[in-house]
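A.B. asks: Input target26.cif, format and content: mmCIF, C-alpha atoms and all ligand atoms.
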data_my_file
#
loop_
_atom_site.label_atom_id
_atom_site.label_comp_id
_atom_site.auth_asym_id
_atom_site.auth_seq_id
_atom_site.Cartn_x
_atom_site.Cartn_y
_atom_site.Cartn_z
CA MET D 1 15.53 -18.68 26.87
CA ILE D 2 18.94 -18.03 25.35
CA ARG D 3 21.28 -16.05 27.61
CA HIS D 4 24.67 -16.35 25.91
CA HIS D 5 24.68 -14.75 22.48
CA LEU D 6 26.96 -14.16 19.53
CA THR D 7 29.20 -11.09 19.76
CA ASP D 8 28.82 -8.06 17.50
CA ASP D 9 32.21 -8.70 15.92
CA ILE D 10 31.23 -12.22 14.85
CA LEU D 11 27.87 -11.04 13.50
CA LEU D 12 29.51 -8.22 11.56
CA ALA D 13 32.08 -10.62 10.12
CA TYR D 14 29.31 -12.99 9.07
CA SER D 15 27.47 -10.12 7.39
CA ALA D 16 30.66 -8.98 5.65
CA ALA D 17 31.54 -12.57 4.67
CA THR D 18 35.02 -12.65 6.18
CA LEU D 19 34.59 -15.70 8.44
CA PRO D 20 35.74 -19.25 7.71
CA GLU D 21 32.97 -21.67 6.79
CA ALA D 22 32.93 -23.39 10.20
CA PHE D 23 32.23 -20.08 11.97
CA ASN D 24 29.58 -19.22 9.38
CA LEU D 25 27.94 -22.51 10.32
CA MET D 26 27.97 -21.56 14.00
CA VAL D 27 26.37 -18.19 13.22
CA ALA D 28 23.76 -19.75 10.93
CA ALA D 29 22.89 -22.38 13.55
CA HIS D 30 22.62 -19.91 16.42
CA VAL D 31 20.64 -17.35 14.43
CA SER D 32 18.21 -20.11 13.47
CA LEU D 33 17.44 -20.45 17.20
CA CYS D 34 17.77 -16.83 18.32
CA ASP D 35 15.69 -13.94 17.02
CA ASP D 36 17.72 -11.39 19.01
CA CYS D 37 20.86 -12.26 17.12
CA ARG D 38 18.89 -12.51 13.88
CA ALA D 39 17.72 -8.91 14.35
CA ARG D 40 21.28 -7.76 15.14
CA LEU D 41 22.62 -9.61 12.11
CA GLU D 42 19.98 -8.10 9.83
CA ALA D 43 20.89 -4.66 11.20
CA PHE D 44 24.49 -5.28 10.11
CA ASP D 45 23.16 -6.44 6.74
CA ALA D 46 21.33 -3.09 6.56
CA VAL D 47 24.69 -1.33 6.86
CA GLY D 48 25.93 -3.50 4.01
CA GLY D 49 22.87 -2.48 2.00
CA ALA D 50 23.59 1.19 2.65
CA VAL D 51 27.22 0.69 1.59
CA LEU D 52 26.07 -0.99 -1.61
CA ASP D 53 23.47 1.67 -2.34
CA ASP D 54 25.33 4.79 -1.45
CA ILE D 55 29.06 4.78 -1.09
CA CYS D 56 30.15 1.98 -3.33
CA ASP D 57 31.64 3.14 -6.65
CA SER D 58 29.37 1.76 -9.33
CA VAL D 59 30.90 0.26 -12.46
CA GLY D 60 28.96 0.41 -15.71
CA MET D 61 27.53 -2.83 -17.01
CA SER D 62 28.38 -3.98 -20.51
CA ASP D 63 26.09 -3.24 -23.45
CA GLY D 64 23.42 -5.86 -23.61
CA ALA D 65 23.76 -6.79 -19.94
CA LEU D 66 20.06 -6.33 -19.28
CA ALA D 67 19.15 -8.46 -22.30
CA ALA D 68 21.62 -11.12 -21.16
CA THR D 69 20.03 -11.10 -17.70
CA MET D 70 16.53 -11.44 -19.17
CA ALA D 71 17.83 -14.45 -21.10
CA LEU D 72 19.17 -15.91 -17.85
CA ILE D 73 15.75 -15.43 -16.29
CA ALA D 74 14.00 -17.00 -19.28
CA GLY D 75 16.22 -20.04 -18.80
CA GLY D 76 14.46 -20.64 -15.50
CA PRO D 77 15.75 -20.55 -11.93
CA PRO D 78 19.05 -22.33 -11.39
CA VAL D 79 18.90 -25.80 -9.89
CA GLY D 80 20.36 -24.81 -6.56
CA VAL D 81 19.68 -25.85 -3.03
CA PRO D 82 16.77 -23.73 -1.80
CA ARG D 83 17.38 -21.95 1.46
CA ALA D 84 16.41 -24.22 4.30
CA ALA D 85 13.06 -23.72 5.94
CA ARG D 86 12.34 -24.53 9.55
CA ARG D 87 12.51 -28.25 10.11
CA ALA D 88 11.46 -30.52 12.90
CA GLY D 89 14.23 -31.99 14.99
CA VAL D 90 16.97 -31.09 17.43
CA LEU D 91 19.46 -29.76 14.88
CA PRO D 92 18.71 -26.40 13.23
CA ALA D 93 18.27 -26.65 9.45
CA PRO D 94 21.79 -25.43 8.47
CA LEU D 95 23.32 -28.17 10.65
CA GLN D 96 20.96 -30.78 9.23
CA ASP D 97 22.29 -29.83 5.80
CA TYR D 98 25.83 -30.72 6.91
CA VAL D 99 24.85 -33.88 8.78
CA GLY D 100 22.40 -35.14 6.16
CA GLY D 101 19.58 -35.38 8.68
CA ASP D 102 18.85 -34.95 12.36
CA LEU D 103 20.48 -36.62 15.39
CA ASP D 104 20.04 -40.18 14.15
CA ALA D 105 22.01 -39.36 10.99
CA ILE D 106 25.12 -38.25 12.88
CA GLN D 107 28.07 -40.59 12.39
CA TRP D 108 29.61 -40.53 15.86
CA ARG D 109 33.21 -41.58 16.53
CA PRO D 110 34.36 -42.26 20.10
CA VAL D 111 37.12 -40.00 21.42
CA GLY D 112 37.38 -41.50 24.91
CA MET D 113 35.66 -41.24 28.28
CA GLY D 114 32.32 -41.91 26.63
CA VAL D 115 32.56 -38.72 24.61
CA LYS D 116 31.87 -38.92 20.88
CA GLN D 117 32.43 -36.52 18.04
CA ALA D 118 31.45 -36.05 14.41
CA ILE D 119 33.58 -33.72 12.31
CA LEU D 120 31.55 -31.74 9.80
CA PRO D 121 32.83 -31.14 6.26
CA THR D 122 33.87 -27.48 6.11
CA SER D 123 36.76 -25.59 4.56
CA LYS D 124 40.11 -26.26 6.19
CA ASP D 125 40.71 -22.79 7.63
CA ALA D 126 38.61 -23.76 10.66
CA ALA D 127 36.91 -26.88 11.97
CA ALA D 128 33.38 -27.68 13.05
CA ARG D 129 32.37 -30.73 15.05
CA LEU D 130 29.41 -32.07 16.93
CA LEU D 131 30.20 -33.43 20.38
CA LEU D 132 28.21 -35.79 22.54
CA ILE D 133 29.12 -35.66 26.23
CA PRO D 134 27.40 -38.13 28.55
CA ALA D 135 25.36 -36.52 31.32
CA GLY D 136 27.64 -35.46 34.15
CA ALA D 137 30.87 -36.13 32.22
CA ALA D 138 33.56 -33.61 31.35
CA MET D 139 34.68 -32.72 27.87
CA PRO D 140 38.15 -34.20 27.39
CA ASP D 141 41.13 -31.90 27.11
CA HIS D 142 40.91 -30.42 23.68
CA GLY D 143 43.59 -27.76 23.40
CA HIS D 144 42.65 -25.13 20.89
CA GLY D 145 45.10 -22.71 19.40
CA GLY D 146 42.83 -19.74 19.01
CA LEU D 147 39.17 -19.02 19.17
CA GLU D 148 36.66 -21.68 20.10
CA MET D 149 32.90 -21.31 20.17
CA THR D 150 30.64 -23.98 21.63
CA MET D 151 26.85 -24.03 21.44
CA ALA D 152 24.61 -26.49 23.26
CA LEU D 153 21.94 -28.13 21.09
CA GLN D 154 20.56 -30.71 23.51
CA GLY D 155 20.95 -30.88 27.26
CA ALA D 156 23.34 -28.34 28.77
CA PHE D 157 26.93 -27.91 29.85
CA ILE D 158 28.39 -26.00 32.74
CA ASP D 159 31.66 -24.12 32.53
CA ALA D 160 33.22 -21.63 34.94
CA GLY D 161 30.01 -21.49 36.97
CA GLU D 162 27.81 -20.64 33.99
CA ARG D 163 25.15 -22.92 32.52
CA PHE D 164 24.81 -23.16 28.75
CA GLY D 165 21.50 -24.60 27.57
CA ARG D 166 20.11 -25.07 24.07
CA GLY D 167 21.20 -22.17 21.87
CA ASP D 168 23.65 -20.70 24.37
CA VAL D 169 27.12 -20.00 22.96
CA GLU D 170 30.34 -20.05 24.95
CA VAL D 171 33.27 -18.16 23.46
CA ALA D 172 36.73 -19.23 24.61
CA THR D 173 40.07 -17.85 23.55
CA ALA D 174 43.43 -19.62 23.54
CA ASP D 175 44.57 -18.31 26.90
CA LEU D 176 41.44 -19.50 28.67
CA ALA D 177 41.75 -22.98 30.10
CA HIS D 178 38.27 -24.34 30.48
CA THR D 179 36.53 -27.65 31.11
CA PRO D 180 32.89 -27.81 30.14
CA ILE D 181 30.94 -30.49 32.02
CA ALA D 182 27.66 -31.88 30.75
CA ASP D 183 24.77 -31.14 33.10
CA ILE D 184 23.26 -34.16 34.79
CA GLY D 185 19.92 -35.39 33.55
CA GLU D 186 20.61 -35.60 29.83
CA ASP D 187 23.51 -36.26 27.48
CA CYS D 188 24.76 -32.99 26.05
CA ILE D 189 25.09 -32.53 22.31
CA CYS D 190 26.87 -29.40 21.17
CA LEU D 191 28.43 -27.77 18.15
CA ALA D 192 32.05 -26.67 18.60
CA VAL D 193 33.98 -24.62 16.08
CA THR D 194 37.67 -23.86 16.31
CA ASP D 195 40.04 -22.04 14.07
CA ALA D 196 42.90 -24.21 12.90
CA PRO D 197 46.02 -22.71 14.49
CA LEU D 198 48.04 -22.68 11.28
CA LYS D 199 45.55 -20.55 9.44
CA PHE D 200 44.56 -18.40 12.35
CA LYS D 201 46.37 -15.28 11.27
CA SER D 202 44.70 -14.96 7.91
CA LEU D 203 41.09 -14.75 8.91
CA LEU D 204 40.18 -14.19 12.48
CA PRO D 205 42.33 -11.37 13.87
CA ARG D 206 40.53 -8.84 11.74
CA ILE D 207 37.33 -9.46 13.59
CA ALA D 208 38.84 -9.85 17.02
CA GLN D 209 37.90 -6.33 17.95
CA PRO D 210 34.44 -5.00 17.28
CA PHE D 211 34.08 -1.59 15.73
CA LEU D 212 30.39 -1.54 15.06
CA ARG D 213 28.26 -1.90 18.14
CA ILE D 214 24.56 -2.33 18.55
CA MET G 1 2.60 -19.04 -3.23
CA ILE G 2 2.03 -15.36 -2.72
CA GLY G 3 -1.26 -13.56 -2.39
CA SER G 4 -2.46 -10.93 -4.81
CA LEU G 5 -1.32 -7.35 -4.81
CA SER G 6 -0.94 -6.36 -1.21
CA ALA G 7 -1.07 -3.06 0.53
CA TRP G 8 2.57 -2.86 1.42
CA GLY G 9 3.80 -1.96 -2.00
CA GLN G 10 1.56 1.07 -2.35
CA GLY G 11 2.76 4.50 -1.69
CA PHE G 12 6.26 4.04 -0.38
CA VAL G 13 7.75 6.31 -2.95
CA ASN G 14 5.00 8.84 -2.37
CA GLY G 15 5.05 8.24 1.35
CA THR G 16 8.21 10.20 1.87
CA GLN G 17 7.50 13.87 1.52
CA ASP G 18 11.03 15.13 1.05
CA ASN G 19 13.14 14.39 -1.98
CA ALA G 20 14.41 11.10 -0.60
CA ARG G 21 15.48 8.50 -3.10
CA PRO G 22 12.95 5.88 -4.17
CA ASP G 23 12.98 2.82 -1.97
CA TRP G 24 12.34 0.42 -4.88
CA VAL G 25 9.75 -1.60 -2.94
CA SER G 26 7.00 -1.05 -5.49
CA GLN G 27 9.32 -2.14 -8.31
CA VAL G 28 10.09 -5.41 -6.54
CA GLU G 29 6.38 -5.91 -5.96
CA ARG G 30 5.64 -5.36 -9.64
CA VAL G 31 8.27 -7.95 -10.53
CA ARG G 32 6.83 -10.30 -7.94
CA ASP G 33 3.18 -9.97 -8.93
CA HIS G 34 3.28 -9.17 -12.64
CA GLN G 35 6.75 -10.17 -13.89
CA ASP G 36 6.96 -6.50 -14.87
CA ARG G 37 9.98 -6.06 -17.15
CA GLU G 38 9.98 -2.27 -16.96
CA ALA G 39 10.09 -2.34 -13.16
CA PHE G 40 12.91 -4.86 -13.40
CA ALA G 41 14.80 -2.65 -15.84
CA GLU G 42 14.58 0.24 -13.35
CA LEU G 43 16.00 -1.96 -10.61
CA PHE G 44 18.66 -3.24 -12.97
CA ARG G 45 19.84 0.24 -14.02
CA HIS G 46 20.20 1.30 -10.41
CA PHE G 47 21.57 -1.80 -8.74
CA ALA G 48 23.50 -3.85 -11.31
CA PRO G 49 26.37 -1.31 -11.63
CA ARG G 50 26.52 -1.05 -7.85
CA VAL G 51 26.70 -4.81 -7.43
CA LYS G 52 29.42 -4.92 -10.08
CA GLY G 53 31.38 -2.20 -8.29
CA PHE G 54 30.93 -3.95 -4.95
CA LEU G 55 32.25 -7.24 -6.33
CA MET G 56 35.23 -5.59 -8.01
CA LYS G 57 36.15 -3.85 -4.75
CA SER G 58 35.90 -7.26 -3.12
CA GLY G 59 38.51 -8.69 -5.47
CA ALA G 60 36.63 -9.92 -8.55
CA ASP G 61 37.90 -8.96 -12.01
CA ALA G 62 35.61 -7.05 -14.36
CA THR G 63 34.46 -10.10 -16.32
CA LEU G 64 33.59 -12.13 -13.24
CA ALA G 65 31.91 -9.15 -11.56
CA GLU G 66 29.79 -8.48 -14.65
CA GLU G 67 28.69 -12.09 -14.89
CA CYS G 68 28.00 -12.25 -11.19
CA ALA G 69 26.01 -8.99 -11.17
CA GLN G 70 23.76 -10.38 -13.91
CA ASP G 71 23.33 -13.50 -11.84
CA VAL G 72 22.44 -11.47 -8.72
CA MET G 73 19.81 -9.52 -10.66
CA ALA G 74 18.34 -12.74 -12.09
CA THR G 75 18.12 -14.05 -8.53
CA LEU G 76 16.17 -10.93 -7.57
CA TRP G 77 13.61 -11.80 -10.25
CA ASN G 78 13.41 -15.44 -9.20
CA LYS G 79 13.18 -14.74 -5.47
CA ALA G 80 11.04 -11.61 -5.48
CA HIS G 81 8.40 -13.49 -3.46
CA LEU G 82 10.89 -13.88 -0.58
CA PHE G 83 11.55 -10.16 -0.12
CA ASP G 84 10.17 -8.92 3.20
CA PRO G 85 9.87 -5.10 3.30
CA ALA G 86 9.25 -5.17 7.06
CA ARG G 87 12.75 -6.57 7.61
CA ALA G 88 14.99 -5.21 4.86
CA SER G 89 15.32 -2.47 2.29
CA VAL G 90 15.66 -3.56 -1.33
CA ALA G 91 19.32 -2.45 -1.21
CA THR G 92 19.91 -4.62 1.86
CA TRP G 93 18.24 -7.60 0.28
CA ILE G 94 20.33 -7.25 -2.88
CA PHE G 95 23.44 -6.81 -0.73
CA THR G 96 22.78 -10.19 0.93
CA ILE G 97 22.30 -11.90 -2.45
CA ALA G 98 25.52 -10.32 -3.79
CA ARG G 99 27.44 -11.17 -0.64
CA ASN G 100 26.44 -14.82 -0.89
CA ARG G 101 27.44 -14.97 -4.56
CA LYS G 102 30.76 -13.41 -3.60
CA ILE G 103 31.44 -16.33 -1.25
CA ASP G 104 30.51 -18.87 -3.92
CA LEU G 105 32.70 -17.26 -6.52
CA LEU G 106 35.68 -15.80 -4.70
CA ARG G 107 36.03 -18.08 -1.72
CA LYS G 108 34.62 -21.25 -3.31
CA GLN G 109 32.94 -22.12 -0.03
CA ARG G 110 29.55 -23.22 0.96
CA ARG G 111 27.63 -20.51 2.73
CA PRO G 112 25.59 -21.86 5.64
CA GLU G 113 22.57 -19.64 6.16
CA PRO G 114 20.08 -19.41 9.02
CA GLU G 115 16.74 -21.13 8.69
CA ASP G 116 14.51 -19.09 6.45
CA LEU G 117 11.62 -17.19 7.99
CA SER G 118 9.05 -15.97 5.55
CA TRP G 119 5.41 -15.00 5.47
CA GLY G 120 3.05 -17.72 4.41
CA PRO G 121 0.37 -17.21 1.75
CA GLU G 122 -2.26 -16.28 4.33
CA ALA G 123 -0.36 -13.48 6.07
CA GLU G 124 1.93 -10.65 5.04
CA PRO G 125 3.69 -7.87 6.93
CA ALA G 126 1.53 -4.91 7.87
CA GLN G 127 1.97 -1.89 5.68
CA ASP G 128 3.02 0.40 8.51
CA ASP G 129 5.71 -2.04 9.65
CA ALA G 130 7.11 -2.09 6.13
CA LEU G 131 6.90 1.67 5.82
CA ALA G 132 8.68 2.20 9.15
CA LEU G 133 11.48 -0.17 8.22
CA GLN G 134 11.95 1.46 4.81
CA GLN G 135 12.16 4.88 6.45
CA GLU G 136 14.61 3.60 9.03
CA SER G 137 16.78 2.20 6.23
CA GLU G 138 16.79 5.60 4.59
CA HIS G 139 17.86 7.20 7.88
CA LEU G 140 20.68 4.72 8.17
CA ARG G 141 21.80 5.39 4.60
CA ARG G 142 21.85 9.12 5.26
CA ALA G 143 23.67 8.72 8.56
CA LEU G 144 26.31 6.68 6.77
CA SER G 145 26.71 9.24 4.00
CA GLU G 146 27.09 12.01 6.57
CA LEU G 147 29.89 10.32 8.50
CA PRO G 148 33.36 11.84 8.18
CA ASP G 149 35.20 10.35 5.19
CA ALA G 150 37.74 8.37 7.21
CA GLN G 151 35.07 6.71 9.32
CA ARG G 152 32.87 5.95 6.31
CA GLU G 153 35.78 4.37 4.48
CA LEU G 154 36.46 2.06 7.42
CA ILE G 155 32.91 0.75 7.28
CA GLU G 156 33.02 0.45 3.50
CA ARG G 157 36.26 -1.52 3.65
CA ALA G 158 34.90 -3.83 6.34
CA TYR G 159 32.15 -4.87 3.91
CA PHE G 160 34.63 -5.37 1.09
CA GLY G 161 36.53 -7.76 3.39
CA ASP G 162 39.47 -5.41 3.26
CA LEU G 163 40.33 -4.39 6.78
CA SER G 164 43.19 -5.48 8.96
CA HIS G 165 43.05 -5.75 12.68
CA SER G 166 45.08 -2.66 13.46
CA GLU G 167 42.86 -0.50 11.26
CA ILE G 168 39.64 -1.29 13.05
CA ALA G 169 38.30 1.66 15.00
CA ALA G 170 36.06 1.51 18.04
CA GLU G 171 32.71 3.04 17.16
CA THR G 172 30.85 4.34 14.14
CA GLY G 173 28.06 6.41 15.56
CA LEU G 174 25.58 4.75 13.21
CA PRO G 175 22.11 4.51 14.80
CA LEU G 176 21.90 0.74 14.52
CA GLY G 177 19.82 0.21 17.65
CA THR G 178 16.72 1.70 16.03
CA ILE G 179 16.72 -0.46 12.94
CA LYS G 180 17.54 -3.51 15.05
CA SER G 181 14.45 -2.86 17.20
CA ARG G 182 12.31 -2.51 14.06
CA ILE G 183 13.57 -5.80 12.67
CA ARG G 184 13.05 -7.50 16.02
CA LEU G 185 9.43 -6.32 16.05
CA ALA G 186 8.91 -7.66 12.52
CA LEU G 187 10.40 -11.01 13.57
CA ASP G 188 8.03 -11.21 16.56
CA ARG G 189 5.03 -10.60 14.29
CA LEU G 190 6.31 -13.13 11.79
CA ARG G 191 6.83 -15.78 14.49
CA HIS G 192 3.32 -15.12 15.70
CA ALA G 193 1.92 -15.53 12.18
CA MET G 194 3.87 -18.77 11.69
CA ARG G 195 2.23 -20.38 14.68
ZN ZN N 1 21.61 -14.90 20.22
#
Just give me the structure of the file as structure tokens.
Ligand SMILES: [Zn+2]

C.D. replies:
Amino acid sequence: MIRHHLTDDILLAYSAATLPEAFNLMVAAHVSLCDDCRARLEAFDAVGGAVLDDICDSVGMSDGALAATMALIAGGPPVGVPRAARRAGVLPAPLQDYVGGDLDAIQWRPVGMGVKQAILPTSKDAAARLLLIPAGAAMPDHGHGGLEMTMALQGAFIDAGERFGRGDVEVATADLAHTPIADIGEDCICLAVTDAPLKFKSLLPRIAQPFLRI
Amino acid sequence: MIGSLSAWGQGFVNGTQDNARPDWVSQVERVRDHQDREAFAELFRHFAPRVKGFLMKSGADATLAEECAQDVMATLWNKAHLFDPARASVATWIFTIARNRKIDLLRKQRRPEPEDLSWGPEAEPAQDDALALQQESEHLRRALSELPDAQRELIERAYFGDLSHSEIAAETGLPLGTIKSRIRLALDRLRHAMR
């Protein structure tokens, strides 16, 4: 049972495609596990559909555009990556795409105190990493300049008196000092995304305040 | 693999008594089941210029937007079997395809997407679920068009990726809770069918 969800502003920004890749990955991973957030996201997509259908200025297509499109279709579907279906394993499908498999494919690097990390290849305007925190251990000090979102994938972590189990997302801002501690019983694996401080101003402030609410 | 002509495509256009716009569901179904070129041409005439306009407002030049709009419409043909009328209007579905192409082309980034949830060959959404969602989408479209200009422009600009922090207002008044509940219901039924 997921209790800590994505915020409306993040879901809207995902729908409007204004988030850095690392935050898109967080949204895609959480929504894979959470039908509540999937329904909210699809409601924001519905607003996008209404914008496209109704208030967007249309621009005439060139002569022969339909024929050109039929030729595209006749050429067969593009060889692209099909959208991921549900897959067995601990990692949701969008994360498995970045890792190249499930947990046993993660290339962990030690960062001290028994904690390990694996940085995922995303665009440089934000960073995404998987963290492994041994049961009962604390996440090492990891100063972040701006927004940080952390989602538990296996086990759980506890921060500021709240427990975050599989699928739960903690949102932390720069002025919040926090120290997540892995719950006893099982090593905690989580996805953490942070905006790189240097690029912070370009992308995230615009979604810092929600204006569409569900 | 998709079953034969299903009930959900029948009667949506007729199902709305007032002079609401067509919801395009039956056209997508005809493309899906019969590779119907005339149905596709109807969709193309309505949506391709809108997709092109959307992409140009989002920062693409005319040439790129034209090429991309053709690509989006070709994707509609190729993925018609993935359209779920109990969860999205045709306009919404095309918006998501166009939005993803926009990221590929303008941002040159990968676009991580949630795990796909779709109906298997042995089950499809119930016709009344699809009808209710299509009607709800029409309500949302009308509510948006009836907003005061300034408010509507804010929403429009948010979806073009063209809004700075200080310009973001607090509320829109759009009845999003209703459509969210409808989608949630459809997801519950889909999860049940996937079991
Ligand atoms: Zn959620």

A.B. asks: Which residues are near ligand ZN 1 (chain N) in this structure, taking near to mean any atom at most 9 Å from a ligand atom and counting all atoms listed in the file? Format them as a short mmCIF file (atom, residue, chain, number, x, y, z; two decimals) with C-alpha atoms, keeping the file's coordinate frame.

C.D. replies:
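Listing of result.cif after writing:
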data_model
loop_
_atom_site.label_atom_id
_atom_site.label_comp_id
_atom_site.auth_asym_id
_atom_site.auth_seq_id
_atom_site.Cartn_x
_atom_site.Cartn_y
_atom_site.Cartn_z
CA ILE D 2 18.94 -18.03 25.35
CA ARG D 3 21.28 -16.05 27.61
CA HIS D 4 24.67 -16.35 25.91
CA HIS D 5 24.68 -14.75 22.48
CA LEU D 6 26.96 -14.16 19.53
CA THR D 7 29.20 -11.09 19.76
CA HIS D 30 22.62 -19.91 16.42
CA VAL D 31 20.64 -17.35 14.43
CA LEU D 33 17.44 -20.45 17.20
CA CYS D 34 17.77 -16.83 18.32
CA ASP D 35 15.69 -13.94 17.02
CA ASP D 36 17.72 -11.39 19.01
CA CYS D 37 20.86 -12.26 17.12
CA ARG D 38 18.89 -12.51 13.88
CA ARG D 40 21.28 -7.76 15.14
CA GLY D 167 21.20 -22.17 21.87
CA ASP D 168 23.65 -20.70 24.37
CA VAL D 169 27.12 -20.00 22.96
#

A.B. asks: Separation of atom CA of Ile73 of chain D and atom CA of Met73 of chain G, in Å?

C.D. replies: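 Computing the Euclidean distance for atom CA of Ile73 of chain D and atom CA of Met73 of chain G yields 9.1 Å.
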
A.B. asks: Could you give me, as a ChimeraX atom specification, the residues that sit within 12 Å of (28.1, -30.4, 26.5) in the file's coordinates, counting all atoms listed in the file?

C.D. replies: /D:115-117,130-140,150-159,163-170,179-192

A.B. asks: May I have the residues within 7 Å of Ala118 of chain D as a PyMOL selection string, using all atoms listed in the file and disregarding those fewer than 5 positions away in the same chain?

C.D. replies: chain D and resi 106-109+129-131

A.B. asks: Please, what distance in Å, to one decimal, runs between atom CA of Asp63 of chain D and atom CA of Leu76 of chain G?

C.D. replies: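 If I compute the distance from atom CA of Asp63 of chain D to atom CA of Leu76 of chain G, I get 20.2 Å.
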
A.B. asks: Can you work out the spacing between atom CA of Leu176 of chain G and atom CA of Val193 of chain D in Å, to one decimal?

C.D. replies: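 Between atom CA of Leu176 of chain G and atom CA of Val193 of chain D the gap works out to 28.1 Å.
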
A.B. asks: Restricting the calculation to only C-alpha atoms: of D:Asn24, D:Thr194, D:Ser15, D:Ser58, which residue gets closest to Val51 of chain G?

C.D. replies: D:Ser58

A.B. asks: Extract, using only C-alpha atoms, all DNA, RNA and protein residues at most 9 Å from segment 188-195 of chain G, discarding same-chain residues fewer than 6 positions from it, and format them as a list in words.

C.D. replies: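 Once the adjacent positions are removed, what remains is Asp35 of chain D; Leu117, Ser118, Trp119, Gly120, Glu122, Ala123, Glu124 and Pro125 of chain G.
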
A.B. asks: What's around Leu66 of chain D at 10 Å? Count all atoms listed in the file, leave out sequence neighbours fewer than 5 positions away in its own chain, and write the answer as an MDAnalysis selection string.

C.D. replies: (chainID D and resid 61 71:72) or (chainID G and resid 40:41 44:45 48 70 73:74)

A.B. asks: Taking only C-alpha atoms into account, which of G:Leu185, G:Val28, G:Leu147, G:Ile94 comes nearest His81 of chain G?

C.D. replies: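 Of G:Leu185, G:Val28, G:Leu147, G:Ile94, the one nearest His81 of chain G is G:Val28, counting only C-alpha atoms.
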
A.B. asks: Given all atoms listed in the file as the basis, pick out the residue of G:Thr92, G:Thr63, G:Thr75, G:Ser58 nearest to chain D.

C.D. replies: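 Selected residue with least distance to chain D: G:Thr92.
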
A.B. asks: Go through G:Leu43, G:Ala80, G:Ala86, G:Leu154 and flag the residue nearest Gln134 of chain G, using all atoms listed in the file for the distances.

C.D. replies: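 Of all the options, G:Ala86 lies closest to Gln134 of chain G.
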
A.B. asks: Which one is closest to Ala13 of chain D: G:Leu187, G:Arg99, G:Arg141, G:Asp71? Count all atoms listed in the file.

C.D. replies: G:Arg99

A.B. asks: At a cut-off of 9 Å, using all atoms listed in the file, what residues contact Glu113 of chain G? Leave out same-chain residues fewer than 5 positions from it and give the result as a ChimeraX atom specification.

C.D. replies: /D:24-25,27-29,31-32,83-84,93-94

A.B. asks: Which residue gives the smallest distance to chain D among G:Asp116, G:Glu38, G:Glu29, G:Asp23, with all atoms listed in the file counted?

C.D. replies: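 The closest residue to chain D is G:Asp116.
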